[in-house]
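What follows is the content of input.pdb, which has PDB, C-alpha atoms:
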```
ATOM      1  CA  MET A   1       0.179 -20.325 -21.859
ATOM      2  CA  ARG A   2       2.130 -20.946 -18.659
ATOM      3  CA  VAL A   3       0.322 -22.758 -15.847
ATOM      4  CA  PRO A   4       0.102 -20.563 -12.704
ATOM      5  CA  ASP A   5       3.189 -21.184 -10.567
ATOM      6  CA  ILE A   6       3.000 -19.698  -7.093
ATOM      7  CA  SER A   7       6.654 -20.496  -6.401
ATOM      8  CA  LEU A   8       7.664 -17.873  -8.981
ATOM      9  CA  VAL A   9       5.452 -15.307  -7.251
ATOM     10  CA  ASN A  10       6.850 -16.212  -3.829
ATOM     11  CA  GLN A  11      10.399 -15.804  -5.105
ATOM     12  CA  TYR A  12       9.718 -12.402  -6.647
ATOM     13  CA  PHE A  13       7.938 -11.087  -3.559
ATOM     14  CA  LEU A  14      10.813 -12.186  -1.303
ATOM     15  CA  GLU A  15      13.351 -10.524  -3.613
ATOM     16  CA  LEU A  16      11.240  -7.349  -3.694
ATOM     17  CA  GLN A  17      11.017  -7.348   0.106
ATOM     18  CA  ASN A  18      14.811  -7.567   0.372
ATOM     19  CA  LYS A  19      15.270  -4.679  -2.053
ATOM     20  CA  ILE A  20      12.742  -2.421  -0.364
ATOM     21  CA  CYS A  21      14.170  -3.073   3.104
ATOM     22  CA  THR A  22      17.672  -2.371   1.785
ATOM     23  CA  ASP A  23      16.583   0.865   0.083
ATOM     24  CA  LEU A  24      14.714   2.173   3.111
ATOM     25  CA  GLY A  25      17.246   0.901   5.617
ATOM     26  CA  SER A  26      20.110   2.642   3.816
ATOM     27  CA  ARG A  27      18.527   5.985   4.727
ATOM     28  CA  GLU A  28      18.502   5.236   8.441
ATOM     29  CA  ASN A  29      21.384   5.576  10.885
ATOM     30  CA  THR A  30      19.524   4.873  14.128
ATOM     31  CA  ALA A  31      17.322   1.853  13.357
ATOM     32  CA  ALA A  32      17.205  -1.321  11.282
ATOM     33  CA  PHE A  33      14.567  -3.750  10.097
ATOM     34  CA  SER A  34      13.761  -6.684  12.349
ATOM     35  CA  ALA A  35      14.161 -10.181  10.885
ATOM     36  CA  GLU A  36      11.618 -12.900  11.630
ATOM     37  CA  ASP A  37      10.749 -16.069   9.727
ATOM     38  CA  ILE A  38       7.622 -17.769  11.003
ATOM     39  CA  ALA A  39       6.268 -21.123   9.791
ATOM     40  CA  THR A  40       2.503 -21.587   9.815
ATOM     41  CA  ALA A  41       0.647 -24.726  10.827
ATOM     42  CA  GLN A  42      -0.823 -25.212   7.345
ATOM     43  CA  GLY A  43       2.575 -25.293   5.617
ATOM     44  CA  GLY A  44       2.974 -21.647   4.712
ATOM     45  CA  HIS A  45       5.330 -19.013   6.029
ATOM     46  CA  SER A  46       5.385 -15.405   7.163
ATOM     47  CA  ARG A  47       8.397 -13.083   6.926
ATOM     48  CA  PRO A  48       7.667  -9.752   8.615
ATOM     49  CA  ARG A  49      10.261  -6.983   8.503
ATOM     50  CA  VAL A  50       9.580  -3.953  10.730
ATOM     51  CA  LEU A  51      11.648  -0.832  11.378
ATOM     52  CA  GLU A  52      10.759   1.491  14.267
ATOM     53  CA  ASN A  53      12.054   4.774  15.677
ATOM     54  CA  GLY A  54      14.281   5.656  12.768
ATOM     55  CA  GLN A  55      15.728   9.061  12.014
ATOM     56  CA  HIS A  56      13.400   9.651   9.057
ATOM     57  CA  VAL A  57      10.960   6.750   9.363
ATOM     58  CA  GLU A  58       8.992   6.429  12.569
ATOM     59  CA  LYS A  59       7.670   3.054  11.487
ATOM     60  CA  ALA A  60       7.945   0.942   8.349
ATOM     61  CA  ALA A  61       6.632  -2.571   7.795
ATOM     62  CA  VAL A  62       7.382  -4.784   4.793
ATOM     63  CA  LEU A  63       5.607  -8.121   5.141
ATOM     64  CA  CYS A  64       5.831 -11.234   2.971
ATOM     65  CA  SER A  65       3.637 -14.283   3.396
ATOM     66  CA  HIS A  66       2.726 -17.555   1.716
ATOM     67  CA  SER A  67      -0.470 -18.989   3.144
ATOM     68  CA  VAL A  68      -2.355 -22.230   2.615
ATOM     69  CA  GLY A  69      -5.981 -22.652   3.609
ATOM     70  CA  ALA A  70      -8.923 -25.006   3.364
ATOM     71  CA  ALA A  71     -11.335 -22.190   2.431
ATOM     72  CA  LEU A  72     -10.991 -18.570   1.394
ATOM     73  CA  PRO A  73     -12.071 -16.017   4.019
ATOM     74  CA  GLN A  74     -15.209 -13.986   3.295
ATOM     75  CA  ALA A  75     -13.173 -10.867   2.512
ATOM     76  CA  ALA A  76     -11.646 -12.737  -0.444
ATOM     77  CA  THR A  77     -14.901 -14.184  -1.811
ATOM     78  CA  GLU A  78     -17.321 -11.240  -1.640
ATOM     79  CA  ARG A  79     -16.617 -10.406  -5.291
ATOM     80  CA  ASN A  80     -16.204 -14.086  -6.269
ATOM     81  CA  PRO A  81     -18.832 -16.063  -4.348
ATOM     82  CA  GLN A  82     -18.309 -19.077  -6.610
ATOM     83  CA  LEU A  83     -14.940 -19.609  -4.895
ATOM     84  CA  ALA A  84     -16.388 -19.836  -1.375
ATOM     85  CA  GLY A  85     -15.415 -23.009   0.444
ATOM     86  CA  LYS A  86     -12.534 -23.884  -1.870
ATOM     87  CA  GLY A  87      -8.984 -24.508  -0.746
ATOM     88  CA  PHE A  88      -6.303 -22.056  -1.808
ATOM     89  CA  GLU A  89      -2.730 -20.859  -1.677
ATOM     90  CA  ALA A  90      -1.906 -17.176  -1.457
ATOM     91  CA  SER A  91       1.288 -15.187  -1.730
ATOM     92  CA  ALA A  92       1.474 -11.533  -0.711
ATOM     93  CA  ILE A  93       3.754  -8.630   0.013
ATOM     94  CA  SER A  94       2.547  -5.478   1.742
ATOM     95  CA  MET A  95       4.374  -2.405   2.928
ATOM     96  CA  ILE A  96       3.750   0.839   4.762
ATOM     97  CA  VAL A  97       5.951   3.779   5.710
ATOM     98  CA  HIS A  98       4.882   6.176   8.466
ATOM     99  CA  PRO A  99       7.427   9.021   8.339
ATOM    100  CA  ARG A 100       8.731  11.063  11.214
ATOM    101  CA  ASN A 101       8.709  14.343   9.275
ATOM    102  CA  PRO A 102       5.172  15.590   8.387
ATOM    103  CA  TYR A 103       6.482  16.804   5.030
ATOM    104  CA  ILE A 104       7.198  13.215   3.974
ATOM    105  CA  PRO A 105       3.993  11.433   2.890
ATOM    106  CA  THR A 106       2.858   8.124   4.262
ATOM    107  CA  PHE A 107       2.981   5.491   1.565
ATOM    108  CA  HIS A 108       1.386   2.062   1.151
ATOM    109  CA  ALA A 109       1.704  -0.719  -1.399
ATOM    110  CA  ASN A 110       0.676  -4.333  -1.648
ATOM    111  CA  LEU A 111       0.741  -7.128  -4.205
ATOM    112  CA  ARG A 112      -0.995 -10.474  -3.858
ATOM    113  CA  PHE A 113      -1.704 -13.699  -5.729
ATOM    114  CA  PHE A 114      -4.464 -16.191  -5.002
ATOM    115  CA  LEU A 115      -4.306 -19.682  -6.507
ATOM    116  CA  ILE A 116      -7.360 -21.892  -6.154
ATOM    117  CA  ASP A 117      -6.720 -24.190  -9.112
ATOM    118  CA  GLU A 118      -5.361 -23.983 -12.655
ATOM    119  CA  ASP A 119      -8.487 -22.211 -13.853
ATOM    120  CA  ASN A 120      -9.140 -20.004 -10.830
ATOM    121  CA  TRP A 121      -6.407 -17.588  -9.831
ATOM    122  CA  TYR A 122      -5.892 -13.849  -9.750
ATOM    123  CA  PHE A 123      -3.521 -11.054  -8.800
ATOM    124  CA  GLY A 124      -4.304  -7.839  -6.975
ATOM    125  CA  GLY A 125      -2.546  -4.851  -5.506
ATOM    126  CA  GLY A 126      -1.367  -1.313  -6.126
ATOM    127  CA  PHE A 127       0.180   1.634  -4.341
ATOM    128  CA  ASP A 128      -1.136   4.940  -2.971
ATOM    129  CA  LEU A 129       0.259   8.092  -1.358
ATOM    130  CA  THR A 130      -1.031   9.965   1.692
ATOM    131  CA  PRO A 131       0.625  13.385   2.100
ATOM    132  CA  TYR A 132       0.074  15.703   5.042
ATOM    133  CA  TYR A 133       1.606  18.762   3.381
ATOM    134  CA  ALA A 134       1.411  18.155  -0.341
ATOM    135  CA  PHE A 135       3.754  19.455  -3.026
ATOM    136  CA  PRO A 136       2.601  19.449  -6.662
ATOM    137  CA  GLU A 137       5.923  18.112  -7.917
ATOM    138  CA  ASP A 138       5.726  15.161  -5.510
ATOM    139  CA  VAL A 139       2.189  14.224  -6.517
ATOM    140  CA  LEU A 140       3.071  14.599 -10.201
ATOM    141  CA  HIS A 141       6.148  12.382  -9.802
ATOM    142  CA  TRP A 142       4.112   9.743  -7.955
ATOM    143  CA  HIS A 143       1.463   9.538 -10.661
ATOM    144  CA  ARG A 144       3.934   9.717 -13.537
ATOM    145  CA  THR A 145       5.757   6.729 -12.071
ATOM    146  CA  ALA A 146       2.456   4.878 -11.668
ATOM    147  CA  GLU A 147       1.700   5.627 -15.306
ATOM    148  CA  ASP A 148       5.145   4.324 -16.310
ATOM    149  CA  ALA A 149       4.426   1.034 -14.525
ATOM    150  CA  CYS A 150       1.238   0.616 -16.572
ATOM    151  CA  LYS A 151       2.345   1.893 -20.002
ATOM    152  CA  PRO A 152       3.660  -1.386 -21.456
ATOM    153  CA  PHE A 153       0.298  -3.025 -20.748
ATOM    154  CA  GLY A 154      -2.123  -0.590 -22.386
ATOM    155  CA  ASN A 155      -2.482   3.120 -23.069
ATOM    156  CA  ASN A 156      -5.602   3.466 -20.933
ATOM    157  CA  LEU A 157      -4.560   1.150 -18.108
ATOM    158  CA  TYR A 158      -3.208   3.829 -15.765
ATOM    159  CA  GLY A 159      -6.429   5.849 -16.013
ATOM    160  CA  MET A 160      -8.557   2.805 -15.237
ATOM    161  CA  LEU A 161      -6.434   1.723 -12.263
ATOM    162  CA  LYS A 162      -6.196   5.287 -10.954
ATOM    163  CA  ALA A 163     -10.005   5.513 -10.951
ATOM    164  CA  GLN A 164     -10.202   2.220  -9.071
ATOM    165  CA  CYS A 165      -7.690   3.521  -6.544
ATOM    166  CA  ASP A 166      -9.684   6.721  -6.011
ATOM    167  CA  GLU A 167     -12.811   4.651  -5.449
ATOM    168  CA  TYR A 168     -11.215   2.160  -3.062
ATOM    169  CA  PHE A 169      -9.109   4.459  -0.851
ATOM    170  CA  PHE A 170     -12.061   6.583   0.210
ATOM    171  CA  LEU A 171     -13.599   7.021   3.663
ATOM    172  CA  PRO A 172     -17.358   7.147   3.032
ATOM    173  CA  HIS A 173     -18.126   8.025   6.659
ATOM    174  CA  ARG A 174     -15.888  11.102   6.283
ATOM    175  CA  GLY A 175     -16.713  11.822   2.655
ATOM    176  CA  GLU A 176     -13.028  12.212   1.822
ATOM    177  CA  PRO A 177     -10.210  10.289   0.118
ATOM    178  CA  ARG A 178      -7.375   8.834   2.161
ATOM    179  CA  GLY A 179      -4.793  10.706   0.113
ATOM    180  CA  VAL A 180      -3.879  11.486  -3.494
ATOM    181  CA  GLY A 181      -4.278   7.929  -4.746
ATOM    182  CA  GLY A 182      -2.181   5.958  -7.176
ATOM    183  CA  ILE A 183      -3.206   2.696  -8.844
ATOM    184  CA  PHE A 184      -5.262  -0.234  -7.592
ATOM    185  CA  PHE A 185      -6.370  -3.504  -9.218
ATOM    186  CA  ASP A 186      -8.077  -6.703  -8.161
ATOM    187  CA  ASP A 187      -9.124 -10.025  -9.757
ATOM    188  CA  TRP A 188      -6.361  -9.451 -12.332
ATOM    189  CA  THR A 189      -5.879 -12.235 -14.902
ATOM    190  CA  GLU A 190      -5.360 -10.157 -18.076
ATOM    191  CA  GLY A 191      -3.385 -11.984 -20.777
ATOM    192  CA  GLY A 192      -2.963 -15.175 -18.775
ATOM    193  CA  PHE A 193      -0.600 -15.944 -15.917
ATOM    194  CA  GLU A 194       2.693 -14.998 -17.553
ATOM    195  CA  ARG A 195       1.567 -11.563 -18.765
ATOM    196  CA  ALA A 196      -0.394 -10.831 -15.595
ATOM    197  CA  PHE A 197       2.646 -11.715 -13.500
ATOM    198  CA  THR A 198       4.854  -9.491 -15.682
ATOM    199  CA  PHE A 199       2.467  -6.611 -15.024
ATOM    200  CA  VAL A 200       2.604  -7.236 -11.262
ATOM    201  CA  GLN A 201       6.405  -7.226 -11.430
ATOM    202  CA  SER A 202       6.291  -3.894 -13.246
ATOM    203  CA  VAL A 203       4.164  -2.432 -10.471
ATOM    204  CA  GLY A 204       6.484  -3.839  -7.809
ATOM    205  CA  ASP A 205       9.595  -2.573  -9.571
ATOM    206  CA  HIS A 206       8.171   0.980  -9.687
ATOM    207  CA  ILE A 207       7.308   1.232  -5.969
ATOM    208  CA  MET A 208      10.619   2.547  -4.681
ATOM    209  CA  PRO A 209      11.254   4.787  -7.728
ATOM    210  CA  ALA A 210       7.870   6.365  -6.985
ATOM    211  CA  TYR A 211       8.511   6.975  -3.282
ATOM    212  CA  LEU A 212      12.210   7.389  -2.560
ATOM    213  CA  PRO A 213      12.745  10.652  -4.498
ATOM    214  CA  ILE A 214       9.905  12.194  -2.463
ATOM    215  CA  LEU A 215      11.315  10.923   0.826
ATOM    216  CA  ASP A 216      14.777  12.199  -0.077
ATOM    217  CA  ARG A 217      13.457  15.663  -1.033
ATOM    218  CA  ARG A 218      11.435  16.137   2.165
ATOM    219  CA  LYS A 219      13.309  14.262   4.911
ATOM    220  CA  ASP A 220      15.204  17.322   6.142
ATOM    221  CA  HIS A 221      12.375  19.836   5.777
ATOM    222  CA  PRO A 222      12.004  21.827   9.034
ATOM    223  CA  TYR A 223       8.758  21.344  10.952
ATOM    224  CA  SER A 224       7.141  22.388  14.213
ATOM    225  CA  THR A 225       4.833  20.828  16.780
ATOM    226  CA  LYS A 226       1.877  22.232  14.831
ATOM    227  CA  GLU A 227       2.782  20.253  11.693
ATOM    228  CA  GLU A 228       3.484  17.125  13.734
ATOM    229  CA  GLU A 229       0.071  17.354  15.425
ATOM    230  CA  PHE A 230      -1.621  17.729  12.051
ATOM    231  CA  MET A 231       0.169  14.575  10.890
ATOM    232  CA  MET A 232      -1.129  12.774  13.997
ATOM    233  CA  PHE A 233      -4.645  13.989  13.212
ATOM    234  CA  ARG A 234      -4.466  12.762   9.621
ATOM    235  CA  ARG A 235      -2.996   9.456  10.810
ATOM    236  CA  GLY A 236      -6.256   8.986  12.690
ATOM    237  CA  ARG A 237      -8.020   8.933   9.318
ATOM    238  CA  TYR A 238      -5.513   6.344   8.141
ATOM    239  CA  ALA A 239      -6.276   4.138  11.135
ATOM    240  CA  GLU A 240     -10.016   4.493  10.510
ATOM    241  CA  PHE A 241      -9.616   3.274   6.942
ATOM    242  CA  ASN A 242      -7.463   0.301   7.914
ATOM    243  CA  LEU A 243      -9.807  -0.864  10.663
ATOM    244  CA  ALA A 244     -13.199  -0.092   9.141
ATOM    245  CA  ILE A 245     -12.777  -0.451   5.376
ATOM    246  CA  ASP A 246      -9.604  -2.149   4.192
ATOM    247  CA  ARG A 247     -10.229  -5.622   2.774
ATOM    248  CA  GLY A 248      -6.648  -6.676   3.457
ATOM    249  CA  THR A 249      -7.065  -6.089   7.181
ATOM    250  CA  LEU A 250     -10.371  -7.964   7.171
ATOM    251  CA  TYR A 251      -8.794 -10.825   5.251
ATOM    252  CA  GLY A 252      -5.974 -11.086   7.773
ATOM    253  CA  LEU A 253      -8.357 -11.091  10.734
ATOM    254  CA  GLN A 254     -10.721 -13.613   9.146
ATOM    255  CA  SER A 255      -7.939 -15.967   8.061
ATOM    256  CA  GLY A 256      -6.464 -16.220  11.541
ATOM    257  CA  ARG A 257      -3.119 -14.760  10.590
ATOM    258  CA  ARG A 258      -0.705 -13.555  13.264
ATOM    259  CA  ILE A 259      -2.320 -10.397  14.628
ATOM    260  CA  GLU A 260       0.999  -8.550  14.993
ATOM    261  CA  SER A 261       1.523  -8.917  11.247
ATOM    262  CA  VAL A 262      -2.056  -8.019  10.340
ATOM    263  CA  LEU A 263      -1.903  -4.754  12.288
ATOM    264  CA  ALA A 264       1.721  -3.886  11.517
ATOM    265  CA  SER A 265       0.460  -1.268   9.063
ATOM    266  CA  MET A 266      -1.108   0.798  11.836
ATOM    267  CA  PRO A 267       0.568   4.119  12.655
ATOM    268  CA  PRO A 268       2.650   4.154  15.850
ATOM    269  CA  ARG A 269       0.918   7.352  16.992
ATOM    270  CA  ALA A 270      -2.350   8.994  15.981
ATOM    271  CA  MET A 271      -4.710  11.694  17.246
ATOM    272  CA  TRP A 272      -8.407  12.492  17.068
ATOM    273  CA  LYS A 273      -9.717  16.021  17.604
ATOM    274  CA  TYR A 274     -13.390  16.718  18.092
ATOM    275  CA  ASN A 275     -15.042  18.702  15.297
ATOM    276  CA  TRP A 276     -11.766  20.104  13.994
ATOM    277  CA  SER A 277     -11.427  21.993  10.727
ATOM    278  CA  PRO A 278      -8.402  23.757   9.198
ATOM    279  CA  GLU A 279      -7.946  27.500   9.393
ATOM    280  CA  THR A 280      -8.912  29.298   6.200
ATOM    281  CA  GLY A 281      -5.896  29.982   4.000
ATOM    282  CA  SER A 282      -3.599  27.656   5.980
ATOM    283  CA  ALA A 283      -1.325  24.938   4.623
ATOM    284  CA  GLU A 284      -3.638  22.411   6.271
ATOM    285  CA  ALA A 285      -6.610  23.869   4.375
ATOM    286  CA  ASP A 286      -4.600  23.568   1.158
ATOM    287  CA  LEU A 287      -4.473  19.784   1.627
ATOM    288  CA  TYR A 288      -8.244  19.567   1.989
ATOM    289  CA  GLU A 289      -9.105  22.016  -0.766
ATOM    290  CA  ASN A 290      -6.597  21.042  -3.441
ATOM    291  CA  TYR A 291      -5.457  17.477  -2.794
ATOM    292  CA  LEU A 292      -8.120  15.459  -0.966
ATOM    293  CA  ARG A 293     -10.285  15.086  -4.042
ATOM    294  CA  ALA A 294     -10.102  13.068  -7.230
ATOM    295  CA  ARG A 295      -8.154  14.974  -9.896
ATOM    296  CA  ASP A 296      -6.465  14.256 -13.190
ATOM    297  CA  TRP A 297      -3.024  14.891 -11.722
ATOM    298  CA  LEU A 298      -1.077  14.315 -14.920
ATOM    299  CA  VAL A 299      -3.054  17.043 -16.684
ATOM    300  CA  GLU A 300      -3.726  19.543 -13.918
ATOM    301  CA  LEU A 301      -0.223  19.609 -12.405
ATOM    302  CA  LEU A 302       1.796  19.861 -15.628
TER
END
```

Before anything else, please render the file you have as structure tokens.
Amino acid sequence: MRVPDISLVNQYFLELQNKICTDLGSRENTAAFSAEDIATAQGGHSRPRVLENGQHVEKAAVLCSHSVGAALPQAATERNPQLAGKGFEASAISMIVHPRNPYIPTFHANLRFFLIDEDNWYFGGGFDLTPYYAFPEDVLHWHRTAEDACKPFGNNLYGMLKAQCDEYFFLPHRGEPRGVGGIFFDDWTEGGFERAFTFVQSVGDHIMPAYLPILDRRKDHPYSTKEEEFMMFRRGRYAEFNLAIDRGTLYGLQSGRRIESVLASMPPRAMWKYNWSPETGSAEADLYENYLRARDWLVELL
């Protein structure tokens, strides 16, 4: 069994960041990703890449980091209290796309690795989709690709990770999911380091194949101010989740990371309307009635 090697994880995450920025950037004619490399006082590094005001992407952030700390923040030890107070290294990549066109979904993914010592380490991550105007073929493609990422590692793995995603990306104060889900895992050590890392690479390698065909299908879809305002309204829900619930945001704030990087996932614009509800029979109502609930997408949408 291979001893956990964080340098291998760092290398893969940096390569994945380059690929994702290249894939997304190739679809833009009016904007490009920024390039920063920031050393941290503890010996780690941060490599944020942010694109703003693109033709199809209003904002995208693809962030890589390698952090070193004397003690894990509370957000990382709530499920593993035995690790509180221990030094650690962590490697992570996170990404978000906030589209300009309301018919393109917002998408999020992250992968992370925590190394405390040879016997205490784990991976986590996943990806999820947040449409504003949902299309069955897009949701089916997204979940089929998620299933493909999991298939080599167990017949029931996709179903388990989908259920965990549905549970995690949920706004309890609103009583609604953030979107149509995907897969989500935490404290992942299955099969030892080498196999667990291979699984994480499979998830990472399926991120762009899951999202880009949807972006390409919808990027030129006509829309009006009404659809754009609905996207702003739903982005408000996204901001609520990131600030009130997301463990990754809490971890970043508690660990003293650069605040610009921690909050890079926030939408560039959002809107809150008092006591709003969609008009019966509208496309906006369709999202609430048919997509913002846990469903067996691979069965119901075939």

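Using the PyMOL selection byres ((chain A and resi 97) around 8) on the file at hand returns these residues: Val57, Glu58, Lys59, Ala60, Ala61, Met95, Ile96, His98, Pro99, Thr106, Phe107 and His108 of chain A.
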
Of the residues A:Phe135, A:Ala264, A:Glu279, A:Phe153, which is the one nearest to Arg195 (chain A), using all atoms listed in the file?
-> A:Phe153

Which residues match the PyMOL selection byres ((chain A and resi 194) around 9) in the file above, as a count of residues only?
-> 12

Evaluate the PyMOL selection byres ((chain A and resi 165) around 10) and report residues as a ChimeraX atom specification | /A:125-128,159-164,166-170,177,180-185,294

Can you build me a table of region 127-208 of chain A residues sitting at most 10 Å from region 233-248 of chain A, with the closest atom pair per residue and its distance in Å to one decimal, using all atoms listed in the file, sorted by chain and residue number, as CSV?
```
residue,atom,partner,partner_atom,distance
A:Thr130,CA,A:Tyr238,CA,8.6
A:Pro131,CA,A:Arg234,CA,9.1
A:Tyr132,CA,A:Arg234,CA,7.1
A:Tyr168,CA,A:Asp246,CA,8.6
A:Phe169,CA,A:Phe241,CA,7.9
A:Phe170,CA,A:Phe241,CA,7.9
A:Leu171,CA,A:Phe241,CA,6.4
A:Pro172,CA,A:Ile245,CA,9.2
A:His173,CA,A:Glu240,CA,9.6
A:Arg174,CA,A:Arg237,CA,8.7
A:Glu176,CA,A:Arg237,CA,9.6
A:Pro177,CA,A:Arg237,CA,9.6
A:Arg178,CA,A:Tyr238,CA,6.7
A:Gly179,CA,A:Tyr238,CA,9.2
```

Selection file, C-alpha atoms, as a PDB file, in the frame of the given file:
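So out16.pdb came out as:
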```pdb
ATOM      1  CA  THR A 130      -1.031   9.965   1.692  1.00  0.00           C
ATOM      2  CA  PRO A 131       0.625  13.385   2.100  1.00  0.00           C
ATOM      3  CA  TYR A 132       0.074  15.703   5.042  1.00  0.00           C
ATOM      4  CA  TYR A 168     -11.215   2.160  -3.062  1.00  0.00           C
ATOM      5  CA  PHE A 169      -9.109   4.459  -0.851  1.00  0.00           C
ATOM      6  CA  PHE A 170     -12.061   6.583   0.210  1.00  0.00           C
ATOM      7  CA  LEU A 171     -13.599   7.021   3.663  1.00  0.00           C
ATOM      8  CA  PRO A 172     -17.358   7.147   3.032  1.00  0.00           C
ATOM      9  CA  HIS A 173     -18.126   8.025   6.659  1.00  0.00           C
ATOM     10  CA  ARG A 174     -15.888  11.102   6.283  1.00  0.00           C
ATOM     11  CA  GLU A 176     -13.028  12.212   1.822  1.00  0.00           C
ATOM     12  CA  PRO A 177     -10.210  10.289   0.118  1.00  0.00           C
ATOM     13  CA  ARG A 178      -7.375   8.834   2.161  1.00  0.00           C
ATOM     14  CA  GLY A 179      -4.793  10.706   0.113  1.00  0.00           C
TER      15      GLY A 179
END
```

Can you work out the spacing between CA of Leu83 (chain A) and CA of Tyr251 (chain A) in Å, to one decimal?
->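 About the pair CA of Leu83 (chain A) and CA of Tyr251 (chain A): they are 14.8 Å apart.
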
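The nearest approach to Ser255 (chain A) among the residues A:Tyr211, A:Phe88, A:Trp188, A:Phe123, with all atoms listed in the file taken into account, belongs to A:Phe88.
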
Close residues, Ser224 (chain A) itself excluded, 10 Å, only C-alpha atoms, min 3 positions apart in chain, as a VMD selection string = chain A and resid 101 to 102 227 to 229

Grab the CA of Ile116 (chain A) to CA of Phe13 (chain A) distance for me, in Å with one decimal place.
->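 Between CA of Ile116 (chain A) and CA of Phe13 (chain A) the gap works out to 18.9 Å.
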
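Nearest to Met271 (chain A) of all the residues A:Ala210, A:Arg258, A:His45, A:Phe230 is A:Phe230, based on only C-alpha atoms.
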
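The list of residues with at least one atom within 9 Å of Pro222 (chain A), based on all atoms listed in the file and without residues fewer than 3 positions apart in the same chain, reads Asn101, Tyr103, Arg218 and Lys219 of chain A.
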
Between A:Tyr158, A:Phe114, A:Tyr274, A:Trp142, single out the one closest to Asn10 (chain A), counting all atoms listed in the file.
->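 The closest residue to Asn10 (chain A) is A:Phe114.
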
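For region 70-79 of chain A, the list of residues within 6 Å, based on all atoms listed in the file and with local chain neighbours fewer than 4 positions off taken out, reads Ala84, Gly85, Lys86, Gly87, Tyr251, Gln254 and Ser255 of chain A.
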
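Considering all atoms listed in the file, the residue among A:Val262, A:Leu301, A:Val200, A:Leu212 positioned nearest to Cys64 (chain A) is A:Val262.
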
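Each of A:His221, A:Met208, A:Gly44, A:Gly124 was compared to Thr22 (chain A) using all atoms listed in the file, and A:Met208 turns out to be the nearest.
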
May I have the protein, DNA and RNA residues with any atom at most 12 Å from the point (13.0, -15.7, 10.2), counting only C-alpha atoms, written as an MDAnalysis selection string?
-> chainID A and resid 34:39 45:49 63:65

Would you mind exporting C-alpha atoms of the selected residues as a tab-separated table (two decimals), in the coordinates of the input?
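Result written to again03.tsv:
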```
chain	number	residue	atom	x	y	z
A	34	SER	CA	13.76	-6.68	12.35
A	35	ALA	CA	14.16	-10.18	10.88
A	36	GLU	CA	11.62	-12.90	11.63
A	37	ASP	CA	10.75	-16.07	9.73
A	38	ILE	CA	7.62	-17.77	11.00
A	39	ALA	CA	6.27	-21.12	9.79
A	45	HIS	CA	5.33	-19.01	6.03
A	46	SER	CA	5.38	-15.40	7.16
A	47	ARG	CA	8.40	-13.08	6.93
A	48	PRO	CA	7.67	-9.75	8.62
A	49	ARG	CA	10.26	-6.98	8.50
A	63	LEU	CA	5.61	-8.12	5.14
A	64	CYS	CA	5.83	-11.23	2.97
A	65	SER	CA	3.64	-14.28	3.40
```

What does the distance from CA of Ser26 (chain A) to CA of Arg257 (chain A) come to in Å, to one decimal?
->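 One can read the CA of Ser26 (chain A) to CA of Arg257 (chain A) distance as 29.8 Å.
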
N, CA and C atoms restored at region 101-112 of chain A, emitted as a PDB file, in the coordinates of the input:
```pdb
ATOM      1  N   ASN A 101       8.881  12.958   9.709  1.00  0.00           N
ATOM      2  CA  ASN A 101       8.709  14.343   9.275  1.00  0.00           C
ATOM      3  C   ASN A 101       7.350  14.494   8.585  1.00  0.00           C
ATOM      4  N   PRO A 102       6.499  15.423   9.009  1.00  0.00           N
ATOM      5  CA  PRO A 102       5.172  15.590   8.387  1.00  0.00           C
ATOM      6  C   PRO A 102       5.224  15.978   6.915  1.00  0.00           C
ATOM      7  N   TYR A 103       6.374  16.428   6.439  1.00  0.00           N
ATOM      8  CA  TYR A 103       6.482  16.804   5.030  1.00  0.00           C
ATOM      9  C   TYR A 103       6.806  15.610   4.132  1.00  0.00           C
ATOM     10  N   ILE A 104       7.070  14.463   4.726  1.00  0.00           N
ATOM     11  CA  ILE A 104       7.198  13.215   3.974  1.00  0.00           C
ATOM     12  C   ILE A 104       5.830  12.534   3.992  1.00  0.00           C
ATOM     13  N   PRO A 105       5.293  12.118   2.872  1.00  0.00           N
ATOM     14  CA  PRO A 105       3.993  11.433   2.890  1.00  0.00           C
ATOM     15  C   PRO A 105       4.108  10.027   3.468  1.00  0.00           C
ATOM     16  N   THR A 106       3.014   9.554   4.008  1.00  0.00           N
ATOM     17  CA  THR A 106       2.858   8.124   4.262  1.00  0.00           C
ATOM     18  C   THR A 106       2.626   7.433   2.923  1.00  0.00           C
ATOM     19  N   PHE A 107       3.153   6.226   2.812  1.00  0.00           N
ATOM     20  CA  PHE A 107       2.981   5.491   1.565  1.00  0.00           C
ATOM     21  C   PHE A 107       2.613   4.046   1.876  1.00  0.00           C
ATOM     22  N   HIS A 108       1.829   3.447   0.995  1.00  0.00           N
ATOM     23  CA  HIS A 108       1.386   2.062   1.151  1.00  0.00           C
ATOM     24  C   HIS A 108       1.435   1.369  -0.197  1.00  0.00           C
ATOM     25  N   ALA A 109       1.786   0.098  -0.188  1.00  0.00           N
ATOM     26  CA  ALA A 109       1.704  -0.719  -1.399  1.00  0.00           C
ATOM     27  C   ALA A 109       1.448  -2.157  -0.994  1.00  0.00           C
ATOM     28  N   ASN A 110       0.785  -2.897  -1.849  1.00  0.00           N
ATOM     29  CA  ASN A 110       0.676  -4.333  -1.648  1.00  0.00           C
ATOM     30  C   ASN A 110       0.469  -5.028  -2.982  1.00  0.00           C
ATOM     31  N   LEU A 111       0.936  -6.258  -3.045  1.00  0.00           N
ATOM     32  CA  LEU A 111       0.741  -7.128  -4.205  1.00  0.00           C
ATOM     33  C   LEU A 111       0.369  -8.500  -3.680  1.00  0.00           C
ATOM     34  N   ARG A 112      -0.524  -9.187  -4.356  1.00  0.00           N
ATOM     35  CA  ARG A 112      -0.995 -10.474  -3.858  1.00  0.00           C
ATOM     36  C   ARG A 112      -1.382 -11.394  -5.017  1.00  0.00           C
TER      37      ARG A 112
END
```
